[in-house]
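Just protein.txt here, compact mmCIF, C-alpha atoms:
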```txt
# COMPACT_ATOMS: atom_id res chain seq x y z
CA MET A 568 104.71 -106.78 -24.22
CA SER A 569 106.90 -106.89 -21.16
CA THR A 570 109.82 -109.01 -22.30
CA THR A 571 112.58 -107.14 -24.14
CA ALA A 572 116.27 -107.68 -24.54
CA SER A 573 119.16 -107.10 -22.28
CA PRO A 574 122.28 -105.74 -24.01
CA ALA A 575 122.70 -107.86 -27.12
CA PRO A 576 125.24 -108.37 -29.85
CA ALA A 577 125.51 -105.68 -32.51
CA ALA A 578 123.04 -105.84 -35.36
CA PRO A 579 124.11 -107.68 -38.50
CA SER A 580 125.09 -105.85 -41.65
CA ASP A 581 121.58 -106.20 -43.08
CA PRO A 582 119.11 -104.36 -40.82
CA GLY A 583 116.30 -105.36 -43.15
CA THR A 584 116.41 -108.98 -41.99
CA ALA A 585 115.86 -110.70 -38.68
CA GLY A 586 117.30 -114.07 -37.81
CA SER A 587 116.70 -116.43 -40.72
CA PRO A 588 113.34 -115.54 -42.30
CA PRO A 589 111.52 -118.31 -44.13
CA SER A 590 111.80 -118.41 -47.88
CA PRO A 591 109.22 -116.56 -50.02
CA GLY A 592 105.95 -118.43 -50.17
CA SER A 593 105.98 -119.30 -46.46
CA HIS A 594 103.37 -116.57 -45.88
CA GLU A 595 100.77 -119.01 -47.16
CA GLU A 596 100.56 -120.04 -43.50
CA HIS A 597 98.64 -117.19 -41.90
CA ALA A 598 99.21 -115.94 -38.37
CA PRO A 599 96.94 -117.58 -35.79
CA VAL A 600 93.75 -115.96 -34.51
CA GLY A 601 93.74 -115.17 -30.80
CA ALA A 602 97.37 -116.11 -30.25
CA TRP A 603 100.86 -115.11 -31.30
CA GLY A 604 102.71 -117.21 -33.84
CA PRO A 605 105.97 -117.06 -35.82
CA ASP A 606 106.33 -114.21 -38.29
CA ILE A 607 108.01 -114.17 -41.70
CA LEU A 608 110.65 -111.77 -40.36
CA GLY A 609 112.05 -114.57 -38.22
CA ALA A 610 113.52 -114.60 -34.72
CA GLY A 611 112.25 -111.81 -32.51
CA PHE A 612 109.06 -111.19 -34.51
CA GLN A 613 105.60 -112.63 -33.93
CA ALA A 614 102.24 -112.10 -35.62
CA ARG A 615 98.56 -112.65 -34.85
CA THR A 616 95.48 -112.35 -37.02
CA LEU A 617 92.75 -109.91 -35.99
CA GLU A 618 89.34 -110.95 -37.28
CA LEU A 619 87.28 -108.06 -38.66
CA LEU A 620 83.59 -107.62 -39.30
CA PRO A 621 82.58 -108.18 -42.94
CA ASP A 622 82.39 -105.07 -45.11
CA ASP A 623 80.54 -104.62 -48.41
CA GLU A 624 82.91 -107.01 -50.20
CA ASP A 625 82.33 -109.85 -47.70
CA ASP A 626 85.65 -111.38 -48.75
CA GLY A 627 87.04 -112.53 -45.42
CA ILE A 628 88.87 -109.38 -44.32
CA VAL A 629 91.38 -109.57 -41.46
CA ALA A 630 94.17 -107.40 -40.12
CA THR A 631 97.50 -108.69 -38.84
CA LEU A 632 99.36 -107.37 -35.82
CA VAL A 633 103.12 -107.87 -35.61
CA ARG A 634 105.17 -107.43 -32.45
CA TYR A 635 108.89 -107.30 -31.82
CA MET A 636 110.42 -109.30 -28.98
CA PRO A 637 114.06 -108.15 -28.64
CA ALA A 638 114.88 -110.87 -26.12
CA ASP A 639 114.31 -113.43 -28.88
CA ASP A 640 116.25 -111.52 -31.54
CA PRO A 641 119.97 -112.34 -31.85
CA ALA A 642 120.34 -109.10 -33.83
CA ALA A 643 118.73 -106.83 -31.19
CA LEU A 644 120.65 -103.58 -30.76
CA PRO A 645 123.01 -103.17 -27.79
CA ASN A 646 121.51 -101.56 -24.67
CA THR A 647 117.92 -102.31 -25.64
CA PRO A 648 115.95 -101.87 -22.37
CA THR A 649 114.46 -104.91 -20.70
CA SER A 650 111.17 -103.13 -19.94
CA PRO A 651 109.40 -100.76 -22.36
CA THR A 652 108.49 -97.25 -21.29
CA PHE A 653 106.10 -96.55 -24.18
CA ALA A 654 104.22 -98.47 -26.88
CA TYR A 655 104.61 -97.72 -30.60
CA LEU A 656 102.24 -98.83 -33.38
CA HIS A 657 103.41 -98.44 -36.99
CA ILE A 658 101.02 -98.20 -39.97
CA HIS A 659 102.39 -98.93 -43.45
CA GLY A 660 101.51 -97.04 -46.63
CA TRP A 661 99.76 -97.87 -49.91
CA ASN A 662 101.03 -100.95 -51.76
CA ASP A 663 103.11 -101.82 -48.71
CA TYR A 664 103.34 -103.89 -45.54
CA PHE A 665 105.63 -104.03 -42.51
CA PHE A 666 109.05 -105.47 -43.36
CA ASN A 667 111.58 -103.05 -41.84
CA ALA A 668 113.09 -104.93 -38.92
CA ASP A 669 115.59 -102.14 -38.36
CA LEU A 670 112.78 -99.72 -37.51
CA ALA A 671 111.54 -102.11 -34.82
CA ARG A 672 115.05 -102.43 -33.37
CA GLN A 673 115.57 -98.68 -33.33
CA VAL A 674 112.29 -98.04 -31.52
CA ALA A 675 112.94 -100.86 -29.05
CA ARG A 676 116.35 -99.42 -28.16
CA LEU A 677 114.56 -96.20 -27.21
CA GLY A 678 112.38 -98.19 -24.81
CA GLY A 679 109.42 -98.73 -27.09
CA ALA A 680 107.27 -101.84 -27.20
CA PHE A 681 107.16 -102.02 -31.01
CA TYR A 682 104.10 -103.19 -32.93
CA ALA A 683 103.12 -102.88 -36.59
CA ILE A 684 99.86 -103.59 -38.35
CA ASP A 685 99.22 -104.92 -41.83
CA LEU A 686 95.83 -103.39 -42.58
CA ARG A 687 92.98 -105.26 -44.28
CA ARG A 688 93.86 -106.48 -47.79
CA TYR A 689 97.56 -105.68 -47.40
CA GLY A 690 100.61 -107.86 -46.86
CA ARG A 691 100.07 -110.55 -44.24
CA SER A 692 96.35 -109.73 -44.28
CA LEU A 693 95.85 -110.14 -48.04
CA ARG A 694 93.76 -113.18 -48.92
CA PRO A 695 93.14 -114.83 -52.32
CA GLY A 696 90.59 -113.01 -54.44
CA GLN A 697 90.75 -109.75 -52.51
CA MET A 698 91.35 -106.38 -54.21
CA HIS A 699 94.74 -105.18 -53.00
CA GLY A 700 94.32 -102.36 -50.45
CA TRP A 701 90.63 -101.81 -51.21
CA VAL A 702 88.56 -99.56 -48.94
CA THR A 703 85.99 -96.88 -49.73
CA SER A 704 86.81 -94.78 -46.65
CA LEU A 705 89.96 -94.50 -44.55
CA ALA A 706 87.61 -94.52 -41.56
CA ASP A 707 87.17 -98.25 -42.26
CA TYR A 708 90.58 -98.70 -40.64
CA ASP A 709 89.20 -97.57 -37.28
CA GLU A 710 88.26 -101.19 -36.63
CA ASP A 711 91.73 -102.50 -37.57
CA LEU A 712 93.43 -99.93 -35.35
CA GLY A 713 90.94 -100.32 -32.52
CA LEU A 714 91.57 -104.06 -32.26
CA ALA A 715 95.33 -103.60 -32.54
CA LEU A 716 95.42 -100.92 -29.85
CA ALA A 717 93.20 -102.98 -27.56
CA GLN A 718 95.69 -105.85 -27.82
CA ILE A 719 98.59 -103.50 -27.15
CA ARG A 720 96.84 -102.08 -24.09
CA THR A 721 96.18 -105.59 -22.82
CA GLU A 722 99.86 -106.46 -23.08
CA CYS A 723 101.46 -103.15 -22.09
CA GLY A 724 98.92 -101.74 -19.64
CA LEU A 725 96.61 -98.76 -19.76
CA GLU A 726 99.07 -96.25 -18.32
CA ILE A 727 101.95 -96.66 -20.75
CA PRO A 728 102.25 -93.76 -23.27
CA LEU A 729 101.06 -94.71 -26.74
CA VAL A 730 102.73 -93.45 -29.92
CA LEU A 731 100.97 -93.93 -33.25
CA ALA A 732 103.15 -93.77 -36.37
CA GLY A 733 102.29 -93.88 -40.05
CA HIS A 734 104.02 -93.80 -43.43
CA SER A 735 102.49 -92.21 -46.56
CA THR A 736 98.80 -93.22 -46.75
CA GLY A 737 99.31 -94.78 -43.34
CA GLY A 738 100.35 -91.34 -42.10
CA LEU A 739 97.14 -89.84 -43.47
CA THR A 740 95.17 -92.60 -41.76
CA ALA A 741 97.04 -92.07 -38.48
CA ALA A 742 96.41 -88.32 -38.55
CA LEU A 743 92.67 -88.79 -39.04
CA TRP A 744 92.55 -91.36 -36.24
CA ALA A 745 94.43 -89.05 -33.87
CA ASP A 746 92.03 -86.21 -34.66
CA GLN A 747 89.02 -88.44 -33.90
CA HIS A 748 90.45 -89.81 -30.63
CA PRO A 749 91.66 -86.86 -28.53
CA GLY A 750 93.54 -87.94 -25.43
CA ALA A 751 94.33 -91.43 -26.71
CA LEU A 752 97.89 -90.75 -27.84
CA ALA A 753 101.03 -89.41 -26.26
CA ALA A 754 102.45 -88.54 -29.69
CA LEU A 755 101.96 -88.95 -33.44
CA VAL A 756 104.96 -89.68 -35.70
CA LEU A 757 104.52 -89.30 -39.48
CA ASN A 758 106.94 -90.50 -42.15
CA SER A 759 106.21 -88.73 -45.46
CA PRO A 760 102.46 -88.63 -44.79
CA TRP A 761 100.30 -88.28 -47.91
CA LEU A 762 98.46 -85.22 -46.64
CA GLU A 763 98.05 -83.49 -50.00
CA ILE A 764 97.51 -84.65 -53.56
CA GLN A 765 100.42 -84.05 -55.92
CA GLY A 766 100.17 -80.52 -57.27
CA SER A 767 98.34 -79.32 -54.15
CA GLU A 768 94.99 -77.49 -54.29
CA PRO A 769 94.77 -76.97 -58.09
CA ALA A 770 95.31 -80.70 -58.68
CA ARG A 771 92.50 -81.57 -56.29
CA THR A 772 90.17 -79.02 -57.88
CA VAL A 773 90.74 -80.49 -61.33
CA GLY A 774 91.07 -84.13 -60.35
CA GLU A 775 88.30 -84.59 -57.81
CA PRO A 776 85.37 -84.27 -60.25
CA VAL A 777 87.00 -86.80 -62.58
CA VAL A 778 87.62 -89.27 -59.77
CA ARG A 779 84.09 -88.85 -58.43
CA THR A 780 82.60 -89.46 -61.87
CA LEU A 781 84.65 -92.62 -62.30
CA ALA A 782 83.77 -93.78 -58.79
CA TRP A 783 80.06 -93.23 -59.49
CA ARG A 784 80.25 -95.26 -62.70
CA ASP A 785 82.38 -98.11 -61.39
CA PRO A 786 84.31 -97.62 -58.11
CA ARG A 787 86.14 -100.94 -58.52
CA MET A 788 87.41 -100.43 -62.05
CA VAL A 789 91.16 -100.32 -62.51
CA ILE A 790 92.30 -96.90 -63.69
CA PRO A 791 94.54 -97.54 -66.71
CA THR A 792 98.12 -96.33 -66.55
CA PRO A 793 100.71 -96.18 -69.35
CA PRO A 794 102.90 -99.29 -69.61
CA ILE A 795 106.50 -98.78 -68.52
CA PRO A 796 109.32 -101.18 -69.48
CA SER A 797 110.51 -103.05 -66.41
CA ASP A 798 114.13 -102.06 -67.02
CA GLN A 799 113.15 -98.39 -66.62
CA LEU A 800 111.36 -98.77 -63.28
CA PHE A 801 112.90 -97.64 -60.01
CA ASP A 802 112.46 -99.70 -56.84
CA ILE A 803 114.26 -98.51 -53.71
CA THR A 804 113.89 -101.94 -52.08
CA ALA A 805 115.86 -103.61 -54.91
CA GLY A 806 119.16 -102.10 -53.82
CA TRP A 807 122.00 -100.46 -55.71
CA ASP A 808 122.45 -101.10 -59.42
CA PRO A 809 126.08 -100.34 -60.32
CA VAL A 810 125.20 -100.11 -64.01
CA ARG A 811 122.57 -97.39 -63.52
CA ASP A 812 123.63 -95.94 -60.18
CA GLY A 813 127.38 -95.97 -60.74
CA GLU A 814 130.04 -96.23 -58.06
CA LEU A 815 128.98 -96.32 -54.43
CA PRO A 816 129.36 -92.94 -52.72
CA ASP A 817 130.86 -94.74 -49.72
CA PRO A 818 132.35 -98.28 -49.83
CA ALA A 819 131.26 -98.70 -46.20
CA TRP A 820 127.67 -98.99 -47.44
CA ALA A 821 128.41 -102.20 -49.34
CA SER A 822 126.60 -104.52 -46.91
CA ASP A 823 123.72 -102.14 -46.15
CA PRO A 824 120.24 -102.98 -47.57
CA TYR A 825 120.27 -99.61 -49.34
CA VAL A 826 122.84 -101.38 -51.53
CA THR A 827 122.08 -105.10 -51.15
CA GLY A 828 118.30 -104.63 -51.23
CA TRP A 829 115.55 -104.97 -48.65
CA ARG A 830 113.98 -108.40 -48.37
CA VAL A 831 110.34 -108.04 -49.38
CA GLU A 832 107.58 -110.33 -50.59
CA ALA A 833 107.11 -109.63 -54.31
CA ASP A 834 103.36 -110.30 -54.31
CA TRP A 835 102.79 -107.87 -51.43
CA ILE A 836 104.52 -104.87 -53.05
CA ILE A 837 103.50 -104.64 -56.71
CA HIS A 838 105.64 -102.70 -59.20
CA PRO A 839 105.17 -100.12 -60.53
CA SER A 840 101.94 -99.99 -58.51
CA ALA A 841 99.07 -102.06 -57.25
CA PRO A 842 95.85 -101.50 -59.23
CA ILE A 843 94.42 -98.05 -58.52
CA ARG A 844 90.63 -97.90 -58.35
CA PRO A 845 88.52 -94.72 -58.29
CA GLY A 846 86.58 -95.77 -55.18
CA TRP A 847 89.84 -96.05 -53.21
CA LEU A 848 91.25 -92.83 -54.68
CA GLN A 849 88.07 -90.98 -53.74
CA ALA A 850 88.53 -92.21 -50.16
CA VAL A 851 92.02 -90.70 -50.13
CA LEU A 852 90.83 -87.39 -51.60
CA ASN A 853 88.05 -87.20 -49.01
CA ALA A 854 90.58 -87.75 -46.24
CA GLN A 855 92.94 -85.14 -47.65
CA ALA A 856 90.04 -82.67 -47.85
CA ARG A 857 89.51 -83.16 -44.12
CA VAL A 858 93.17 -82.36 -43.52
CA ALA A 859 92.90 -79.28 -45.75
CA ALA A 860 89.97 -78.07 -43.65
CA GLY A 861 92.20 -78.31 -40.57
CA LEU A 862 92.47 -81.02 -37.93
CA ASP A 863 92.67 -80.60 -34.16
CA ILE A 864 95.15 -83.24 -33.04
CA ARG A 865 95.74 -82.68 -29.33
CA CYS A 866 99.02 -84.60 -28.92
CA PRO A 867 102.46 -83.47 -30.19
CA VAL A 868 103.01 -84.32 -33.87
CA LEU A 869 106.30 -85.01 -35.65
CA SER A 870 105.90 -84.80 -39.44
CA MET A 871 109.04 -85.88 -41.30
CA GLY A 872 109.69 -85.75 -45.02
CA SER A 873 112.27 -85.44 -47.72
CA ALA A 874 113.72 -82.04 -48.55
CA ARG A 875 112.79 -82.46 -52.21
CA SER A 876 110.50 -84.36 -54.58
CA HIS A 877 111.10 -85.76 -58.05
CA LEU A 878 107.84 -87.50 -58.89
CA GLY A 879 107.84 -90.59 -61.10
CA VAL A 880 108.29 -94.35 -61.16
CA VAL A 881 111.18 -94.51 -63.65
CA TRP A 882 114.83 -94.51 -62.70
CA SER A 883 116.77 -91.28 -62.55
CA PRO A 884 119.75 -90.16 -60.46
CA GLU A 885 117.34 -88.05 -58.38
CA ALA A 886 115.25 -91.11 -57.50
CA ARG A 887 117.94 -92.21 -55.04
CA CYS A 888 117.79 -89.02 -52.98
CA THR A 889 114.29 -87.51 -53.31
CA ASP A 890 110.65 -88.37 -52.67
CA THR A 891 109.39 -89.88 -55.93
CA VAL A 892 105.84 -90.50 -54.64
CA ILE A 893 104.37 -87.38 -52.99
CA ASP A 894 104.87 -83.62 -53.08
CA ALA A 895 107.17 -83.02 -50.11
CA ASP A 896 106.70 -79.23 -50.12
CA ALA A 897 102.91 -79.46 -50.18
CA THR A 898 102.99 -82.03 -47.40
CA ALA A 899 105.17 -79.84 -45.20
CA ARG A 900 102.81 -76.89 -45.69
CA ARG A 901 99.79 -79.03 -44.90
CA ALA A 902 101.37 -80.62 -41.81
CA VAL A 903 101.23 -77.41 -39.79
CA GLN A 904 97.41 -77.60 -39.96
CA LEU A 905 97.28 -80.90 -38.09
CA GLY A 906 97.26 -79.46 -34.58
CA ALA A 907 98.61 -76.90 -32.18
CA LEU A 908 102.00 -78.55 -31.60
CA VAL A 909 103.57 -79.79 -34.84
CA THR A 910 107.27 -80.27 -35.56
CA VAL A 911 108.18 -80.42 -39.26
CA ALA A 912 111.53 -82.07 -40.05
CA ARG A 913 112.92 -82.43 -43.57
CA PHE A 914 115.93 -84.42 -44.67
CA GLU A 915 118.17 -83.71 -47.61
CA GLY A 916 118.79 -86.88 -49.63
CA ALA A 917 115.80 -88.78 -48.21
CA VAL A 918 113.55 -91.06 -50.28
CA HIS A 919 109.78 -91.45 -49.81
CA ASP A 920 110.07 -93.96 -46.98
CA LEU A 921 112.66 -92.09 -44.96
CA THR A 922 113.80 -95.25 -43.20
CA LEU A 923 114.91 -96.77 -46.52
CA SER A 924 117.21 -93.86 -47.38
CA ALA A 925 121.00 -94.01 -47.68
CA PRO A 926 122.67 -94.93 -44.36
CA PRO A 927 123.72 -91.38 -43.31
CA VAL A 928 120.25 -90.00 -44.07
CA ARG A 929 118.58 -92.89 -42.28
CA GLU A 930 120.65 -92.18 -39.19
CA GLN A 931 119.60 -88.52 -39.32
CA VAL A 932 115.97 -89.63 -39.38
CA TYR A 933 116.40 -91.96 -36.42
CA SER A 934 118.39 -89.31 -34.55
CA ALA A 935 115.59 -86.78 -35.05
CA MET A 936 113.06 -89.34 -33.81
CA ARG A 937 115.17 -90.10 -30.75
CA ARG A 938 115.52 -86.43 -29.80
CA TRP A 939 111.87 -85.65 -30.45
CA LEU A 940 110.49 -88.66 -28.57
CA GLY A 941 112.91 -87.88 -25.79
CA ALA A 942 111.40 -84.41 -25.49
CA TYR A 943 107.72 -85.31 -25.73
CA VAL A 944 107.27 -88.96 -24.74
CA LEU A 945 110.15 -90.34 -22.69
CA ARG A 946 110.24 -89.41 -19.02
```

Do you think you could lay out the structure here as structure tokens?
Amino acid sequence: MSTTASPAPAAPSDPGTAGSPPSPGSHEEHAPVGAWGPDILGAGFQARTLELLPDDEDDGIVATLVRYMPADDPAALPNTPTSPTFAYLHIHGWNDYFFNADLARQVARLGGAFYAIDLRRYGRSLRPGQMHGWVTSLADYDEDLGLALAQIRTECGLEIPLVLAGHSTGGLTAALWADQHPGALAALVLNSPWLEIQGSEPARTVGEPVVRTLAWRDPRMVIPTPPIPSDQLFDITAGWDPVRDGELPDPAWASDPYVTGWRVEADWIIHPSAPIRPGWLQAVLNAQARVAAGLDIRCPVLSMGSARSHLGVVWSPEARCTDTVIDADATARRAVQLGALVTVARFEGAVHDLTLSAPPVREQVYSAMRRWLGAYVLR
């Protein structure tokens, strides 16, 4: 991508939107194959379908690449460069897809050509009849990432520095890819990467045999979970609930998506969780075991996470300011084993997806990214 914005008007009050996105249901029209088309995020965002080779399911798998074009975005941030100096590919996590337009704008203002991928059977790439997020090895995503990176190289050139970024399970996937492709990346940026199972080594020791037994019997079965009343669930994308959450800490946040809610497609993020299957969970445990054995990532790594965890899917006051999904302490300890040059940054008050935290915390996250990329990527 070579066309980005000149200085543009300030971003609107809702950084989770872009232009005027189509109404829910418009995603029934899939992105074109071999060309860029309009994306559900609206002005400034485009998508294209990447056709993948059939896997064991033979259910029509594809991936979807999204790119940000600041010149076409009326909400592009002021002083966004007109020519990118690096390329940035974002990988979403489990039960997720790319929807955070503000992240794209922040990276673009740094000089990044921003791209995001919806992996096979997620988000824009999910097709009728497919098992949400299903893979039996995280190495399956090598094809998705390979096609995405080839497209990025075609558009941005072979010499431009490449930054790979991943959130949660996407961070685990990104770390494995970086380890297997030495020299390919200028940097790796991780947002709460799921590097360790909750409870750390003892949990894996106890849980792995159970998961493997279930996967041997029926890898596609849905692991049953206790029912939880919908009014007890916590969803960070839903925004502030004055009844449960009380008075806003700062009235200036009133128009921020942390309060108003992030615009997401309900059938692409399932609450409290998408179906969890033992074959998929075994793939995650296998990947985490590789991390535990020690990786050898040759590029600089930034691993960011919350300062604290409070695991669970039900609402509590702590859910608004902690990681409710993964063990942040265990992840920080595991991150230092990723390579020789690893920066670990932790943020008080951050939620699992750091970029969905309260506005002051979110700015701390972006500030840390700016300083770190400035030191290791920008020239």

Nearby residues (all atoms listed in the file) at most 12 Å from region 627-629 of chain A, same-chain spacing under 3 positions excluded, as a VMD selection string
chain A and resid 597 to 600 615 to 624 632 684 to 702 707 to 708 710 to 712 714 to 715

Write out the residues from the selection above, keeping C-alpha atoms, as a PDB file, keeping the file's coordinate frame.
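Written output follows (part.pdb):
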```pdb
ATOM      1  CA  HIS A 597      98.640-117.190 -41.900  1.00  0.00           C
ATOM      2  CA  ALA A 598      99.210-115.940 -38.370  1.00  0.00           C
ATOM      3  CA  PRO A 599      96.940-117.580 -35.790  1.00  0.00           C
ATOM      4  CA  VAL A 600      93.750-115.960 -34.510  1.00  0.00           C
ATOM      5  CA  ARG A 615      98.560-112.650 -34.850  1.00  0.00           C
ATOM      6  CA  THR A 616      95.480-112.350 -37.020  1.00  0.00           C
ATOM      7  CA  LEU A 617      92.750-109.910 -35.990  1.00  0.00           C
ATOM      8  CA  GLU A 618      89.340-110.950 -37.280  1.00  0.00           C
ATOM      9  CA  LEU A 619      87.280-108.060 -38.660  1.00  0.00           C
ATOM     10  CA  LEU A 620      83.590-107.620 -39.300  1.00  0.00           C
ATOM     11  CA  PRO A 621      82.580-108.180 -42.940  1.00  0.00           C
ATOM     12  CA  ASP A 622      82.390-105.070 -45.110  1.00  0.00           C
ATOM     13  CA  ASP A 623      80.540-104.620 -48.410  1.00  0.00           C
ATOM     14  CA  GLU A 624      82.910-107.010 -50.200  1.00  0.00           C
ATOM     15  CA  LEU A 632      99.360-107.370 -35.820  1.00  0.00           C
ATOM     16  CA  ILE A 684      99.860-103.590 -38.350  1.00  0.00           C
ATOM     17  CA  ASP A 685      99.220-104.920 -41.830  1.00  0.00           C
ATOM     18  CA  LEU A 686      95.830-103.390 -42.580  1.00  0.00           C
ATOM     19  CA  ARG A 687      92.980-105.260 -44.280  1.00  0.00           C
ATOM     20  CA  ARG A 688      93.860-106.480 -47.790  1.00  0.00           C
ATOM     21  CA  TYR A 689      97.560-105.680 -47.400  1.00  0.00           C
ATOM     22  CA  GLY A 690     100.610-107.860 -46.860  1.00  0.00           C
ATOM     23  CA  ARG A 691     100.070-110.550 -44.240  1.00  0.00           C
ATOM     24  CA  SER A 692      96.350-109.730 -44.280  1.00  0.00           C
ATOM     25  CA  LEU A 693      95.850-110.140 -48.040  1.00  0.00           C
ATOM     26  CA  ARG A 694      93.760-113.180 -48.920  1.00  0.00           C
ATOM     27  CA  PRO A 695      93.140-114.830 -52.320  1.00  0.00           C
ATOM     28  CA  GLY A 696      90.590-113.010 -54.440  1.00  0.00           C
ATOM     29  CA  GLN A 697      90.750-109.750 -52.510  1.00  0.00           C
ATOM     30  CA  MET A 698      91.350-106.380 -54.210  1.00  0.00           C
ATOM     31  CA  HIS A 699      94.740-105.180 -53.000  1.00  0.00           C
ATOM     32  CA  GLY A 700      94.320-102.360 -50.450  1.00  0.00           C
ATOM     33  CA  TRP A 701      90.630-101.810 -51.210  1.00  0.00           C
ATOM     34  CA  VAL A 702      88.560 -99.560 -48.940  1.00  0.00           C
ATOM     35  CA  ASP A 707      87.170 -98.250 -42.260  1.00  0.00           C
ATOM     36  CA  TYR A 708      90.580 -98.700 -40.640  1.00  0.00           C
ATOM     37  CA  GLU A 710      88.260-101.190 -36.630  1.00  0.00           C
ATOM     38  CA  ASP A 711      91.730-102.500 -37.570  1.00  0.00           C
ATOM     39  CA  LEU A 712      93.430 -99.930 -35.350  1.00  0.00           C
ATOM     40  CA  LEU A 714      91.570-104.060 -32.260  1.00  0.00           C
ATOM     41  CA  ALA A 715      95.330-103.600 -32.540  1.00  0.00           C
TER      42      ALA A 715
END
```

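Distances from A:Leu762, A:Leu800, A:Ile719, A:Ala745 to Ser883 (chain A) were compared using all atoms listed in the file, and the smallest one belongs to A:Leu800.
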
Would you compute the distance between CA of Arg830 (chain A) and CA of Ala741 (chain A)? Give it in Å to one decimal.
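If I compute the distance from CA of Arg830 (chain A) to CA of Ala741 (chain A), I get 25.5 Å.
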
Of the candidates A:Ala782, A:Leu869, A:Ile893, A:Met636, which one gets nearest to Tyr943 (chain A) if we count only C-alpha atoms?
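Once distances to Tyr943 (chain A) are computed over only C-alpha atoms, the minimum belongs to A:Leu869.
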
Given all atoms listed in the file, how would the per-residue table for region 769-833 of chain A near region 849-854 of chain A read, listing every residue at most 9 Å away with its closest atom pair and distance in Å to one decimal, sorted by chain and number, as CSV?
```
residue,atom,partner,partner_atom,distance
A:Arg771,CA,A:Leu852,CA,7.7
A:Glu775,CA,A:Leu852,CA,7.3
A:Val778,CA,A:Gln849,CA,6.3
A:Arg779,CA,A:Gln849,CA,6.5
A:Ala782,CA,A:Gln849,CA,7.2
A:Pro786,CA,A:Gln849,CA,8.8
```

Compare A:Leu644, A:Pro791, A:Leu905, A:Tyr664 by their minimum atom-to-atom distance to Arg857 (chain A), counting only C-alpha atoms, and give me the closest one.
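Under the stated criterion, the closest residue is A:Leu905.
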
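Candidate residues A:Ala874, A:Ala753, A:Pro926, A:Trp744 were compared for distance to Pro824 (chain A), and the nearest is A:Pro926, using all atoms listed in the file.
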
Which of these, A:Trp835, A:Trp882, A:Phe612, A:Trp807, has the shortest distance to Pro637 (chain A) once you count all atoms listed in the file?
A:Phe612

Please identify all polymer residues within 12 Å of Ser840 (chain A), counting all atoms listed in the file, omitting same-chain residues fewer than 5 positions from it, and present them as a list in words.
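The contact residues come out as Trp661, Asn662, Asp663, His699, Gly700, Val789, Ile790, Pro791, Thr792, Pro793, Pro794, Ile795, Leu800, Phe801, Asp802, Ala833, Asp834, Trp835, Gly879, Val880, Val881 and Val892 of chain A.
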
Kindly indicate which residue among A:Ser873, A:Pro867, A:Arg844, A:Ile607 lies nearest to Gly750 (chain A), using all atoms listed in the file for the distances.
A:Pro867

Write out as a ChimeraX atom specification each polymer residue whose atoms come within 12 Å of Asp894 (chain A), counting all atoms listed in the file; drop sequence neighbours fewer than 5 positions from it.
/A:735,759-768,770,872-879,889,899-901,918-919

Since we have the selection now, will you write its residues out, keeping C-alpha atoms, as an mmCIF file, keeping the file's coordinate frame?
```
data_model
loop_
_atom_site.group_PDB
_atom_site.id
_atom_site.type_symbol
_atom_site.label_atom_id
_atom_site.label_comp_id
_atom_site.auth_asym_id
_atom_site.auth_seq_id
_atom_site.Cartn_x
_atom_site.Cartn_y
_atom_site.Cartn_z
ATOM 1 C CA SER A 735 102.490 -92.210 -46.560
ATOM 2 C CA SER A 759 106.210 -88.730 -45.460
ATOM 3 C CA PRO A 760 102.460 -88.630 -44.790
ATOM 4 C CA TRP A 761 100.300 -88.280 -47.910
ATOM 5 C CA LEU A 762 98.460 -85.220 -46.640
ATOM 6 C CA GLU A 763 98.050 -83.490 -50.000
ATOM 7 C CA ILE A 764 97.510 -84.650 -53.560
ATOM 8 C CA GLN A 765 100.420 -84.050 -55.920
ATOM 9 C CA GLY A 766 100.170 -80.520 -57.270
ATOM 10 C CA SER A 767 98.340 -79.320 -54.150
ATOM 11 C CA GLU A 768 94.990 -77.490 -54.290
ATOM 12 C CA ALA A 770 95.310 -80.700 -58.680
ATOM 13 C CA GLY A 872 109.690 -85.750 -45.020
ATOM 14 C CA SER A 873 112.270 -85.440 -47.720
ATOM 15 C CA ALA A 874 113.720 -82.040 -48.550
ATOM 16 C CA ARG A 875 112.790 -82.460 -52.210
ATOM 17 C CA SER A 876 110.500 -84.360 -54.580
ATOM 18 C CA HIS A 877 111.100 -85.760 -58.050
ATOM 19 C CA LEU A 878 107.840 -87.500 -58.890
ATOM 20 C CA GLY A 879 107.840 -90.590 -61.100
ATOM 21 C CA THR A 889 114.290 -87.510 -53.310
ATOM 22 C CA ALA A 899 105.170 -79.840 -45.200
ATOM 23 C CA ARG A 900 102.810 -76.890 -45.690
ATOM 24 C CA ARG A 901 99.790 -79.030 -44.900
ATOM 25 C CA VAL A 918 113.550 -91.060 -50.280
ATOM 26 C CA HIS A 919 109.780 -91.450 -49.810
#
```

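Going from CA of Ala638 (chain A) to CA of Ala614 (chain A) covers 15.9 Å.
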
Hey, can you check how far CA of Gln855 (chain A) sits from CA of Leu739 (chain A)?
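Atom-to-atom, CA of Gln855 (chain A) and CA of Leu739 (chain A) are spaced 7.6 Å apart.
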
So which residues touch Arg634 (chain A) within 8 Å, counting all atoms listed in the file, skipping near sequence neighbours fewer than 4 positions away, as an MDAnalysis selection string?
chainID A and resid 612:614 680:683

Written selection (C-alpha atoms) as a short mmCIF file (atom, residue, chain, number, x, y, z; two decimals), keeping the file's coordinate frame:
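Output file out-v5.cif is given in full below:
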```cif
data_model
loop_
_atom_site.label_atom_id
_atom_site.label_comp_id
_atom_site.auth_asym_id
_atom_site.auth_seq_id
_atom_site.Cartn_x
_atom_site.Cartn_y
_atom_site.Cartn_z
CA PHE A 612 109.06 -111.19 -34.51
CA GLN A 613 105.60 -112.63 -33.93
CA ALA A 614 102.24 -112.10 -35.62
CA ALA A 680 107.27 -101.84 -27.20
CA PHE A 681 107.16 -102.02 -31.01
CA TYR A 682 104.10 -103.19 -32.93
CA ALA A 683 103.12 -102.88 -36.59
#
```
